[in-house]
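Reading through the structure tokens given below for one structure.
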Amino acid sequence: MIRLFPRLTLSQRILAVFCIGVVFSVAIVGQILVQLDKSATLSSNAAQIFAVVEDANELRIVNLRVILLLHQYRYSRDSTLLAEIKTARAEAAVHRMQLRTHTRLPDVVQSLDRLEALLPQRIAAFNAIRSGIESGASDREFAGATRHLDTLDREARAVLRRIASLERQEFERKLAHNEEAREALRRNALIGFALYLAIMLLLLYSMLFGKITHRLKQLTQMAHQIAAGDYSQKPFLKSGDEIAALANEFNRMAGQLAEFDKVKEEFVALASHQLRTPATAVKGNLGVLLEGYCGELTAEQIEIIRDANSSNERQLLIIEDLLWVARTDSGRLVITKTPTDMTRLAAEAVAEQTPVARQRRQTLTLERLTAVLMLNLDAQKIRMVIENLISNAIKYTPEGGRIHVGLTSTDGGAVITVSDTGVGIAPEDLTRLFNKFSRISNPLSETAGGTGLGLYLAKQIVKLHDGAIAVESQPGTGTTFRITLPK
Amino acid sequence: MPKILVVEDDPSLRKIYVTILIKEGYEVAAAVDGKDALRLAGESEPDLILLDMLMPKMNGIEFLRAYDIKGKHPNVKVIAFSNTEKPEYLSEAPKLGATKYMTKYSFTPKAMVGLIKETLALKS
């Protein structure tokens, strides 16, 4: 979708859309008024045409009345009717004139001319009849004049019929035309309104929503990158609108986060060094004693020094785990994938842990695949994960128990399982198992071993490989961890 | 016997390394930082330098640059060691002529002596 005027700020855009909206609305209202006016004109035209039809009809009626009065006079010879005939004629003259003024049809004008041309002859014929009547002559004596008048009247009636018919046809034609025109007006108004709506929506989208959604997408992406630990400054939001201002704040925040992150990294590096150095010195000194650099030791001395050494080793492991977590949390836990033979990797991990299992008289078995199963992964880290699972299984399985490592090749990659016949995990502990610092009490050991970080790290490492780790457990029966890794 | 220069700022660690190496029969000199090491190595070229990375005054990387193993002392072996796994140390030290890199906390005295013997046996 096009975005109009990319340099405008949001409030300028809202104002622009508002102004354009007002202008458009005024234009559309004006247009509707014009159409209404046209419709009114059509109505008044219709009234006018109808008046012409009425004129034509009136003229016909008056003419008939005149003819009727003439007949009445002829038979009754009542001279009082003469005045009425005169008035009716005058009335007919008025209607003729009106019709002549109002009509637009040349045919009607022609017919009126014909009618008026007949008039002197009709008056002459009537006058002949009238003078016959007034002189007391019999009907037969002015029968010629009577026939002549009848003929003239018939023609006049025919002309009037023609006028009325012409005007009615014209009226019907106009009426149909008016209807069409009204329909067109309605259609135009509807199309206009639809067009208006479409343009307004398009404008609204182009100038406001398009821009806003586009900007919000950019912001979301920025936030996503920051959340993922990418604190680099994003240069794209220079347009100076409100969202750009917000994004620039984001940038500033990202900058600060980057600084905090750097400080944290330096702190972790320093702290790890500071913590490790004394522990390393203890390890060195105990090693000097244990490895006989200071002469033979008694069995009791050796046992005490071994205890001290194992406590020290645990401390070093805790420091190690904390460093891993610090790396993971700051997004610095990176994996380097290389093609690795999974069968061999699993065998190595099992071999590493076999002496520990043997000490506890446990059976540690590996289900070997006959074929080579190559996966693209960080061998060192995945081996650490598998060893961690085996080591946990050993710790939480009673002496004499069984631990089995399974390896299955699947279409998408591999599934590695570590099952034990251990104490199992209570359902309420299962949910927090992969959380940081979550330690599950071990009924087999009085000392709480570990930092509660092993499974958290395992999950993070598997996640970095786009894999998944899951657990099933039956308290008192055993536990199975299942790692799914893609190719 | 081969001459070993131990460069370590932490006194207790320095003492341990010196004690073990003397007991193993090496000729041992000890420096407290990179500057000190530069002076001692200048006086008499050692066969092997056990070089700490994180030190005040002059750190391990700066020492390697100043001493110029590759250019001026190609026969000197260097085991760079530290208690941090700073990526820049891991990548930079071998480039500047360090033969091996070890993390102090993961080595027992015997293991360290093993690594030193192995390194000394390497041909230049």
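Letters A, B, ... go to the chains of the structure tokens in the order shown; residues in each chain start at 1; ligands are counted from 1 in the same order.
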
Distance filter 10 Å, only C-alpha atoms, chain B against chain A, as a ChimeraX atom specification: /B:10-17,19-20,23-24,54,82-86,103-112

Could you give me, as a short mmCIF file (atom, residue, chain, number, x, y, z; two decimals) with all heavy atoms, in the first residue's frame, the residues within 12 Å of Phe209 (chain A), counting only C-alpha atoms and dropping anything in the same chain fewer than 2 positions from it?
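Full text of selection.cif as output:
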```cif
data_model
loop_
_atom_site.label_atom_id
_atom_site.label_comp_id
_atom_site.auth_asym_id
_atom_site.auth_seq_id
_atom_site.Cartn_x
_atom_site.Cartn_y
_atom_site.Cartn_z
N MET A 1 0.87 -1.21 0.00
CA MET A 1 0.00 0.00 0.00
C MET A 1 0.90 1.25 0.00
O MET A 1 1.90 1.32 0.70
CB MET A 1 -0.88 -0.06 1.25
CG MET A 1 -1.74 1.16 1.51
SD MET A 1 -2.83 1.62 0.17
CE MET A 1 -4.08 0.39 0.37
N ILE A 2 0.48 2.23 -0.81
CA ILE A 2 1.30 3.45 -0.87
C ILE A 2 1.15 4.22 0.44
O ILE A 2 0.11 4.20 1.08
CB ILE A 2 0.86 4.36 -2.04
CG1 ILE A 2 -0.67 4.42 -2.07
CG2 ILE A 2 1.41 3.88 -3.34
CD1 ILE A 2 -1.21 5.67 -2.64
N ARG A 3 2.20 4.91 0.80
CA ARG A 3 2.11 5.78 1.99
C ARG A 3 2.38 7.20 1.52
O ARG A 3 3.45 7.49 0.97
CB ARG A 3 3.12 5.35 3.05
CG ARG A 3 2.67 4.14 3.82
CD ARG A 3 3.64 3.83 4.92
NE ARG A 3 4.97 3.64 4.39
CZ ARG A 3 5.37 2.53 3.79
NH1 ARG A 3 4.54 1.53 3.65
NH2 ARG A 3 6.58 2.42 3.33
N LEU A 4 1.35 8.05 1.72
CA LEU A 4 1.49 9.41 1.22
C LEU A 4 2.31 10.26 2.19
O LEU A 4 2.23 10.07 3.39
CB LEU A 4 0.11 10.03 1.04
CG LEU A 4 -0.84 9.29 0.09
CD1 LEU A 4 -2.23 9.85 0.19
CD2 LEU A 4 -0.32 9.40 -1.33
N LEU A 10 2.49 12.30 12.80
CA LEU A 10 1.14 11.73 12.95
C LEU A 10 0.09 12.80 13.16
O LEU A 10 -0.98 12.76 12.56
CB LEU A 10 1.12 10.76 14.13
CG LEU A 10 1.69 9.38 13.81
CD1 LEU A 10 1.58 8.51 15.03
CD2 LEU A 10 0.96 8.76 12.65
N ARG A 13 -0.68 14.45 10.08
CA ARG A 13 -1.48 13.56 9.25
C ARG A 13 -2.95 13.60 9.64
O ARG A 13 -3.82 13.69 8.79
CB ARG A 13 -0.98 12.11 9.41
CG ARG A 13 0.11 11.78 8.50
CD ARG A 13 0.88 10.58 8.94
NE ARG A 13 2.13 10.60 8.21
CZ ARG A 13 2.26 10.22 6.96
NH1 ARG A 13 1.24 9.73 6.32
NH2 ARG A 13 3.39 10.32 6.33
N ILE A 14 -3.19 13.52 10.96
CA ILE A 14 -4.58 13.53 11.45
C ILE A 14 -5.25 14.82 11.00
O ILE A 14 -6.37 14.83 10.49
CB ILE A 14 -4.62 13.36 12.98
CG1 ILE A 14 -4.16 11.95 13.34
CG2 ILE A 14 -6.02 13.63 13.53
CD1 ILE A 14 -3.93 11.70 14.79
N VAL A 17 -5.91 14.71 7.24
CA VAL A 17 -7.05 13.84 6.94
C VAL A 17 -8.35 14.54 7.32
O VAL A 17 -9.33 14.53 6.57
CB VAL A 17 -6.90 12.48 7.67
CG1 VAL A 17 -8.21 11.69 7.59
CG2 VAL A 17 -5.79 11.67 7.05
N LEU A 201 -11.68 6.36 3.07
CA LEU A 201 -11.05 5.21 3.72
C LEU A 201 -9.62 5.01 3.22
O LEU A 201 -8.71 4.76 4.00
CB LEU A 201 -11.87 3.94 3.47
CG LEU A 201 -13.17 3.86 4.27
CD1 LEU A 201 -13.96 2.63 3.88
CD2 LEU A 201 -12.88 3.84 5.77
N LEU A 202 -9.47 5.15 1.90
CA LEU A 202 -8.15 5.00 1.29
C LEU A 202 -7.19 6.03 1.87
O LEU A 202 -6.06 5.74 2.24
CB LEU A 202 -8.29 5.19 -0.22
CG LEU A 202 -7.20 4.53 -1.05
CD1 LEU A 202 -7.37 3.03 -1.02
CD2 LEU A 202 -7.27 5.03 -2.48
N LEU A 203 -7.71 7.24 1.96
CA LEU A 203 -6.92 8.36 2.47
C LEU A 203 -6.54 8.10 3.92
O LEU A 203 -5.39 8.28 4.33
CB LEU A 203 -7.78 9.62 2.37
CG LEU A 203 -6.99 10.92 2.41
CD1 LEU A 203 -6.29 11.12 1.09
CD2 LEU A 203 -7.92 12.08 2.70
N LEU A 204 -7.54 7.65 4.67
CA LEU A 204 -7.34 7.37 6.09
C LEU A 204 -6.28 6.30 6.25
O LEU A 204 -5.39 6.40 7.08
CB LEU A 204 -8.67 6.88 6.68
CG LEU A 204 -8.98 7.32 8.09
CD1 LEU A 204 -9.06 8.82 8.18
CD2 LEU A 204 -10.28 6.70 8.57
N TYR A 205 -6.39 5.26 5.38
CA TYR A 205 -5.43 4.16 5.47
C TYR A 205 -4.04 4.64 5.06
O TYR A 205 -3.08 4.44 5.77
CB TYR A 205 -5.87 2.99 4.59
CG TYR A 205 -4.93 1.82 4.76
CD1 TYR A 205 -5.10 0.94 5.82
CD2 TYR A 205 -3.85 1.65 3.92
CE1 TYR A 205 -4.21 -0.10 6.02
CE2 TYR A 205 -2.95 0.61 4.12
CZ TYR A 205 -3.15 -0.26 5.16
OH TYR A 205 -2.25 -1.27 5.36
N SER A 206 -3.98 5.32 3.89
CA SER A 206 -2.68 5.73 3.37
C SER A 206 -1.97 6.68 4.32
O SER A 206 -0.78 6.60 4.52
CB SER A 206 -2.82 6.43 2.03
OG SER A 206 -3.55 5.65 1.18
N MET A 207 -2.77 7.61 4.88
CA MET A 207 -2.12 8.66 5.65
C MET A 207 -1.96 8.31 7.12
O MET A 207 -1.08 8.82 7.78
CB MET A 207 -2.88 9.96 5.50
CG MET A 207 -2.75 10.48 4.10
SD MET A 207 -3.00 12.23 3.94
CE MET A 207 -1.74 12.96 4.90
N LYS A 211 0.57 4.02 7.74
CA LYS A 211 1.80 4.52 8.36
C LYS A 211 1.95 3.94 9.77
O LYS A 211 3.00 3.46 10.15
CB LYS A 211 1.73 6.04 8.39
CG LYS A 211 2.71 6.68 9.32
CD LYS A 211 3.77 7.39 8.57
CE LYS A 211 4.62 8.21 9.54
NZ LYS A 211 5.77 8.75 8.91
N ILE A 212 0.84 4.00 10.53
CA ILE A 212 0.91 3.55 11.92
C ILE A 212 1.26 2.06 11.97
O ILE A 212 2.16 1.66 12.69
CB ILE A 212 -0.42 3.82 12.65
CG1 ILE A 212 -0.57 5.33 12.84
CG2 ILE A 212 -0.45 3.14 14.01
CD1 ILE A 212 -1.89 5.75 13.41
N THR A 213 0.56 1.24 11.16
CA THR A 213 0.83 -0.20 11.23
C THR A 213 2.26 -0.48 10.77
O THR A 213 2.94 -1.30 11.37
CB THR A 213 -0.16 -1.03 10.39
OG1 THR A 213 -0.27 -0.40 9.13
CG2 THR A 213 -1.52 -1.10 11.02
N HIS A 214 2.68 0.23 9.74
CA HIS A 214 4.05 0.03 9.25
C HIS A 214 5.05 0.35 10.35
O HIS A 214 5.97 -0.41 10.62
CB HIS A 214 4.26 0.93 8.04
CG HIS A 214 5.65 0.86 7.48
ND1 HIS A 214 6.12 -0.27 6.83
CD2 HIS A 214 6.67 1.75 7.51
CE1 HIS A 214 7.37 -0.04 6.46
NE2 HIS A 214 7.73 1.16 6.87
N ARG A 215 4.82 1.50 11.00
CA ARG A 215 5.73 1.93 12.06
C ARG A 215 5.69 0.97 13.24
O ARG A 215 6.72 0.67 13.82
CB ARG A 215 5.34 3.33 12.56
CG ARG A 215 5.39 4.36 11.47
CD ARG A 215 6.75 4.47 10.93
NE ARG A 215 7.31 5.75 11.21
CZ ARG A 215 8.54 6.10 10.86
NH1 ARG A 215 9.30 5.23 10.26
NH2 ARG A 215 9.00 7.29 11.13
N LEU A 216 4.47 0.52 13.57
CA LEU A 216 4.35 -0.39 14.70
C LEU A 216 5.08 -1.70 14.41
O LEU A 216 5.69 -2.27 15.30
CB LEU A 216 2.88 -0.66 15.04
CG LEU A 216 2.18 0.50 15.73
CD1 LEU A 216 0.73 0.15 16.00
CD2 LEU A 216 2.88 0.88 17.03
N LYS A 217 5.00 -2.12 13.13
CA LYS A 217 5.72 -3.34 12.75
C LYS A 217 7.22 -3.13 12.98
O LYS A 217 7.90 -4.00 13.50
CB LYS A 217 5.46 -3.66 11.28
CG LYS A 217 4.30 -4.65 11.11
CD LYS A 217 4.18 -5.04 9.65
CE LYS A 217 2.76 -5.41 9.32
NZ LYS A 217 2.48 -5.25 7.92
#
```

Distance query Ile69 (chain B) at most 9 Å, only C-alpha atoms, self and fewer than 4 positions along chain excluded, as a ChimeraX atom specification: /B:64-65,73-78,96-98

Residue set, chain B restricted to alpha helix (DSSP H), as a PyMOL selection string: chain B and resi 11-23+34-43+60-67+69-72+87-95+109-121

Per-residue DSSP, region 255-344 of chain A, filtered to strand (DSSP E), as a list in words: Thr338, Pro339, Thr340 and Asp341 of chain A

Take the residues from that selection and put them in a file with all heavy atoms, as an mmCIF file, in the first residue's frame.
```
data_model
loop_
_atom_site.group_PDB
_atom_site.id
_atom_site.type_symbol
_atom_site.label_atom_id
_atom_site.label_comp_id
_atom_site.auth_asym_id
_atom_site.auth_seq_id
_atom_site.Cartn_x
_atom_site.Cartn_y
_atom_site.Cartn_z
ATOM 1 N N THR A 338 28.303 -28.528 13.951
ATOM 2 C CA THR A 338 29.129 -29.262 12.985
ATOM 3 C C THR A 338 28.467 -30.623 12.772
ATOM 4 O O THR A 338 27.772 -31.107 13.664
ATOM 5 C CB THR A 338 30.568 -29.489 13.509
ATOM 6 O OG1 THR A 338 30.467 -29.989 14.844
ATOM 7 C CG2 THR A 338 31.396 -28.230 13.496
ATOM 8 N N PRO A 339 28.652 -31.258 11.614
ATOM 9 C CA PRO A 339 28.075 -32.587 11.414
ATOM 10 C C PRO A 339 28.676 -33.558 12.442
ATOM 11 O O PRO A 339 29.892 -33.656 12.562
ATOM 12 C CB PRO A 339 28.501 -32.952 9.993
ATOM 13 C CG PRO A 339 28.851 -31.655 9.353
ATOM 14 C CD PRO A 339 29.365 -30.767 10.431
ATOM 15 N N THR A 340 27.806 -34.199 13.217
ATOM 16 C CA THR A 340 28.276 -35.037 14.321
ATOM 17 C C THR A 340 27.591 -36.400 14.255
ATOM 18 O O THR A 340 26.394 -36.477 13.987
ATOM 19 C CB THR A 340 27.921 -34.355 15.665
ATOM 20 O OG1 THR A 340 28.425 -33.026 15.629
ATOM 21 C CG2 THR A 340 28.514 -35.099 16.845
ATOM 22 N N ASP A 341 28.372 -37.444 14.537
ATOM 23 C CA ASP A 341 27.797 -38.786 14.605
ATOM 24 C C ASP A 341 27.148 -38.955 15.975
ATOM 25 O O ASP A 341 27.826 -39.027 16.998
ATOM 26 C CB ASP A 341 28.899 -39.828 14.377
ATOM 27 C CG ASP A 341 28.362 -41.249 14.481
ATOM 28 O OD1 ASP A 341 27.133 -41.404 14.634
ATOM 29 O OD2 ASP A 341 29.175 -42.183 14.402
#
```

Spatial neighbours of region 133-149 of chain A, max dist 10 Å, only C-alpha atoms, sep filter under 2 positions, as a PyMOL selection string: chain A and resi 67+70-71+73-75+77-79+121-131+151-155

Residues from last step as file, N, CA and C atoms, as an mmCIF file, in the first residue's frame:
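Output below, filename selection_12.cif:
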```
data_model
loop_
_atom_site.group_PDB
_atom_site.id
_atom_site.type_symbol
_atom_site.label_atom_id
_atom_site.label_comp_id
_atom_site.auth_asym_id
_atom_site.auth_seq_id
_atom_site.Cartn_x
_atom_site.Cartn_y
_atom_site.Cartn_z
ATOM 1 N N ILE A 67 -70.929 23.667 -28.239
ATOM 2 C CA ILE A 67 -71.687 22.895 -29.235
ATOM 3 C C ILE A 67 -73.035 22.481 -28.655
ATOM 4 N N LEU A 70 -75.330 25.422 -28.511
ATOM 5 C CA LEU A 70 -75.827 25.741 -29.854
ATOM 6 C C LEU A 70 -77.002 24.848 -30.215
ATOM 7 N N HIS A 71 -76.840 23.543 -29.951
ATOM 8 C CA HIS A 71 -77.905 22.583 -30.206
ATOM 9 C C HIS A 71 -79.137 22.927 -29.402
ATOM 10 N N TYR A 73 -80.016 25.816 -28.216
ATOM 11 C CA TYR A 73 -80.621 27.040 -28.744
ATOM 12 C C TYR A 73 -81.434 26.731 -30.000
ATOM 13 N N ARG A 74 -80.827 25.829 -30.848
ATOM 14 C CA ARG A 74 -81.497 25.480 -32.092
ATOM 15 C C ARG A 74 -82.859 24.830 -31.819
ATOM 16 N N TYR A 75 -82.920 23.972 -30.842
ATOM 17 C CA TYR A 75 -84.169 23.268 -30.596
ATOM 18 C C TYR A 75 -85.127 24.066 -29.734
ATOM 19 N N ARG A 77 -84.959 27.454 -29.186
ATOM 20 C CA ARG A 77 -85.063 28.829 -29.700
ATOM 21 C C ARG A 77 -85.167 29.824 -28.568
ATOM 22 N N ASP A 78 -84.526 29.499 -27.458
ATOM 23 C CA ASP A 78 -84.539 30.354 -26.259
ATOM 24 C C ASP A 78 -83.386 31.334 -26.367
ATOM 25 N N SER A 79 -83.709 32.618 -26.560
ATOM 26 C CA SER A 79 -82.663 33.614 -26.827
ATOM 27 C C SER A 79 -81.788 33.901 -25.602
ATOM 28 N N GLN A 121 -65.733 30.643 -39.776
ATOM 29 C CA GLN A 121 -66.746 29.898 -40.551
ATOM 30 C C GLN A 121 -67.843 29.412 -39.620
ATOM 31 N N ARG A 122 -67.402 28.937 -38.444
ATOM 32 C CA ARG A 122 -68.395 28.402 -37.497
ATOM 33 C C ARG A 122 -69.306 29.541 -37.011
ATOM 34 N N ILE A 123 -68.656 30.706 -36.718
ATOM 35 C CA ILE A 123 -69.467 31.842 -36.254
ATOM 36 C C ILE A 123 -70.474 32.272 -37.356
ATOM 37 N N ALA A 124 -69.966 32.250 -38.608
ATOM 38 C CA ALA A 124 -70.839 32.639 -39.736
ATOM 39 C C ALA A 124 -72.019 31.687 -39.859
ATOM 40 N N ALA A 125 -71.710 30.346 -39.753
ATOM 41 C CA ALA A 125 -72.775 29.336 -39.858
ATOM 42 C C ALA A 125 -73.770 29.521 -38.724
ATOM 43 N N PHE A 126 -73.235 29.803 -37.515
ATOM 44 C CA PHE A 126 -74.112 29.995 -36.366
ATOM 45 C C PHE A 126 -74.989 31.237 -36.553
ATOM 46 N N ASN A 127 -74.329 32.309 -37.024
ATOM 47 C CA ASN A 127 -75.077 33.548 -37.220
ATOM 48 C C ASN A 127 -76.229 33.337 -38.223
ATOM 49 N N ALA A 128 -75.967 32.505 -39.275
ATOM 50 C CA ALA A 128 -77.021 32.199 -40.276
ATOM 51 C C ALA A 128 -78.181 31.500 -39.603
ATOM 52 N N ILE A 129 -77.813 30.523 -38.715
ATOM 53 C CA ILE A 129 -78.856 29.776 -37.998
ATOM 54 C C ILE A 129 -79.627 30.734 -37.088
ATOM 55 N N ARG A 130 -78.855 31.607 -36.411
ATOM 56 C CA ARG A 130 -79.463 32.511 -35.442
ATOM 57 C C ARG A 130 -80.434 33.483 -36.138
ATOM 58 N N SER A 131 -79.964 34.054 -37.277
ATOM 59 C CA SER A 131 -80.872 34.996 -37.956
ATOM 60 C C SER A 131 -82.114 34.279 -38.493
ATOM 61 N N THR A 151 -70.771 19.992 -39.600
ATOM 62 C CA THR A 151 -69.519 19.531 -40.209
ATOM 63 C C THR A 151 -68.318 20.239 -39.581
ATOM 64 N N LEU A 152 -68.476 21.596 -39.462
ATOM 65 C CA LEU A 152 -67.375 22.385 -38.883
ATOM 66 C C LEU A 152 -67.082 21.941 -37.456
ATOM 67 N N ASP A 153 -68.199 21.734 -36.689
ATOM 68 C CA ASP A 153 -68.033 21.319 -35.289
ATOM 69 C C ASP A 153 -67.319 19.973 -35.192
ATOM 70 N N ARG A 154 -67.676 19.048 -36.104
ATOM 71 C CA ARG A 154 -67.033 17.722 -36.087
ATOM 72 C C ARG A 154 -65.519 17.861 -36.301
ATOM 73 N N GLU A 155 -65.210 18.765 -37.268
ATOM 74 C CA GLU A 155 -63.769 18.949 -37.528
ATOM 75 C C GLU A 155 -63.064 19.542 -36.314
#
```

Glu27 (chain B) surroundings by only C-alpha atoms, 8 Å radius, close-in-sequence under 4 positions cut, as a list in words: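 With the cut-off at 8 Å, the set is Met1, Pro2, Lys3, Ile4, Leu21 and Ile22 of chain B.
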
Residue selection dump (all heavy atoms) as an mmCIF file, in the first residue's frame:
```cif
data_model
loop_
_atom_site.group_PDB
_atom_site.id
_atom_site.type_symbol
_atom_site.label_atom_id
_atom_site.label_comp_id
_atom_site.auth_asym_id
_atom_site.auth_seq_id
_atom_site.Cartn_x
_atom_site.Cartn_y
_atom_site.Cartn_z
ATOM 1 N N MET B 1 68.282 -29.397 32.838
ATOM 2 C CA MET B 1 66.806 -29.422 32.907
ATOM 3 C C MET B 1 66.189 -28.193 32.230
ATOM 4 O O MET B 1 66.785 -27.123 32.298
ATOM 5 C CB MET B 1 66.390 -29.422 34.381
ATOM 6 C CG MET B 1 65.889 -30.768 34.963
ATOM 7 S SD MET B 1 65.236 -31.956 33.833
ATOM 8 C CE MET B 1 63.584 -32.089 34.372
ATOM 9 N N PRO B 2 65.024 -28.367 31.597
ATOM 10 C CA PRO B 2 64.415 -27.193 30.937
ATOM 11 C C PRO B 2 64.105 -26.074 31.934
ATOM 12 O O PRO B 2 63.790 -26.346 33.089
ATOM 13 C CB PRO B 2 63.129 -27.753 30.353
ATOM 14 C CG PRO B 2 63.321 -29.226 30.308
ATOM 15 C CD PRO B 2 64.235 -29.572 31.414
ATOM 16 N N LYS B 3 64.182 -24.855 31.405
ATOM 17 C CA LYS B 3 63.911 -23.675 32.240
ATOM 18 C C LYS B 3 62.448 -23.246 32.043
ATOM 19 O O LYS B 3 61.997 -23.103 30.912
ATOM 20 C CB LYS B 3 64.827 -22.535 31.823
ATOM 21 C CG LYS B 3 65.892 -22.233 32.847
ATOM 22 C CD LYS B 3 66.504 -20.890 32.588
ATOM 23 C CE LYS B 3 67.320 -20.935 31.280
ATOM 24 N NZ LYS B 3 68.060 -19.692 31.031
ATOM 25 N N ILE B 4 61.751 -23.051 33.164
ATOM 26 C CA ILE B 4 60.341 -22.642 33.057
ATOM 27 C C ILE B 4 60.150 -21.308 33.780
ATOM 28 O O ILE B 4 60.611 -21.126 34.899
ATOM 29 C CB ILE B 4 59.398 -23.709 33.655
ATOM 30 C CG1 ILE B 4 59.522 -25.018 32.860
ATOM 31 C CG2 ILE B 4 57.944 -23.231 33.671
ATOM 32 C CD1 ILE B 4 58.677 -26.148 33.354
ATOM 33 N N LEU B 21 56.769 -27.513 40.214
ATOM 34 C CA LEU B 21 57.750 -27.593 39.124
ATOM 35 C C LEU B 21 59.165 -27.820 39.666
ATOM 36 O O LEU B 21 59.952 -28.551 39.055
ATOM 37 C CB LEU B 21 57.671 -26.340 38.246
ATOM 38 C CG LEU B 21 56.361 -26.218 37.468
ATOM 39 C CD1 LEU B 21 56.300 -24.902 36.701
ATOM 40 C CD2 LEU B 21 56.193 -27.380 36.488
ATOM 41 N N ILE B 22 59.474 -27.216 40.807
ATOM 42 C CA ILE B 22 60.806 -27.458 41.419
ATOM 43 C C ILE B 22 60.899 -28.930 41.820
ATOM 44 O O ILE B 22 61.885 -29.597 41.545
ATOM 45 C CB ILE B 22 61.032 -26.511 42.621
ATOM 46 C CG1 ILE B 22 61.290 -25.088 42.095
ATOM 47 C CG2 ILE B 22 62.214 -26.993 43.471
ATOM 48 C CD1 ILE B 22 61.378 -24.036 43.173
#
```

Surrounding residues of region 41-43 of chain B excluding itself and chain neighbours under 3 positions, 12 Å, only C-alpha atoms, as a PyMOL selection string: chain B and resi 3-7+28-31+33-38+46-51+63-64+66-69+72-73+76

Residue neighbourhood Thr101 (chain A), 12 Å, only C-alpha atoms, exclusion window fewer than 3 positions, as a list in words: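 The filter keeps Gln48, Ile49, Ala51, Val52, Asp55, Ala56, Val94, His95, Arg96, Met97, Gln98, Arg104, Leu105, Pro106, Val108, Val109 and Leu112 of chain A.
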
Shortest interatomic distance to Leu197 (chain A) - which of A:Val350, A:Phe434, A:Asp420, A:Phe24, counting only C-alpha atoms: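 Residue with the minimum atom-to-atom distance to Leu197 (chain A): A:Phe24.
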
For CA of Met53 (chain B) and CA of Ile319 (chain A), the interatomic separation in Å (one decimal):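 Value for the CA of Met53 (chain B)-CA of Ile319 (chain A) distance: 19.2 Å.
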
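Closest approach to Ile386 (chain A) among A:Ile469, A:Leu430, A:Leu464, A:Leu444 is made by A:Ile469 (distances from only C-alpha atoms).
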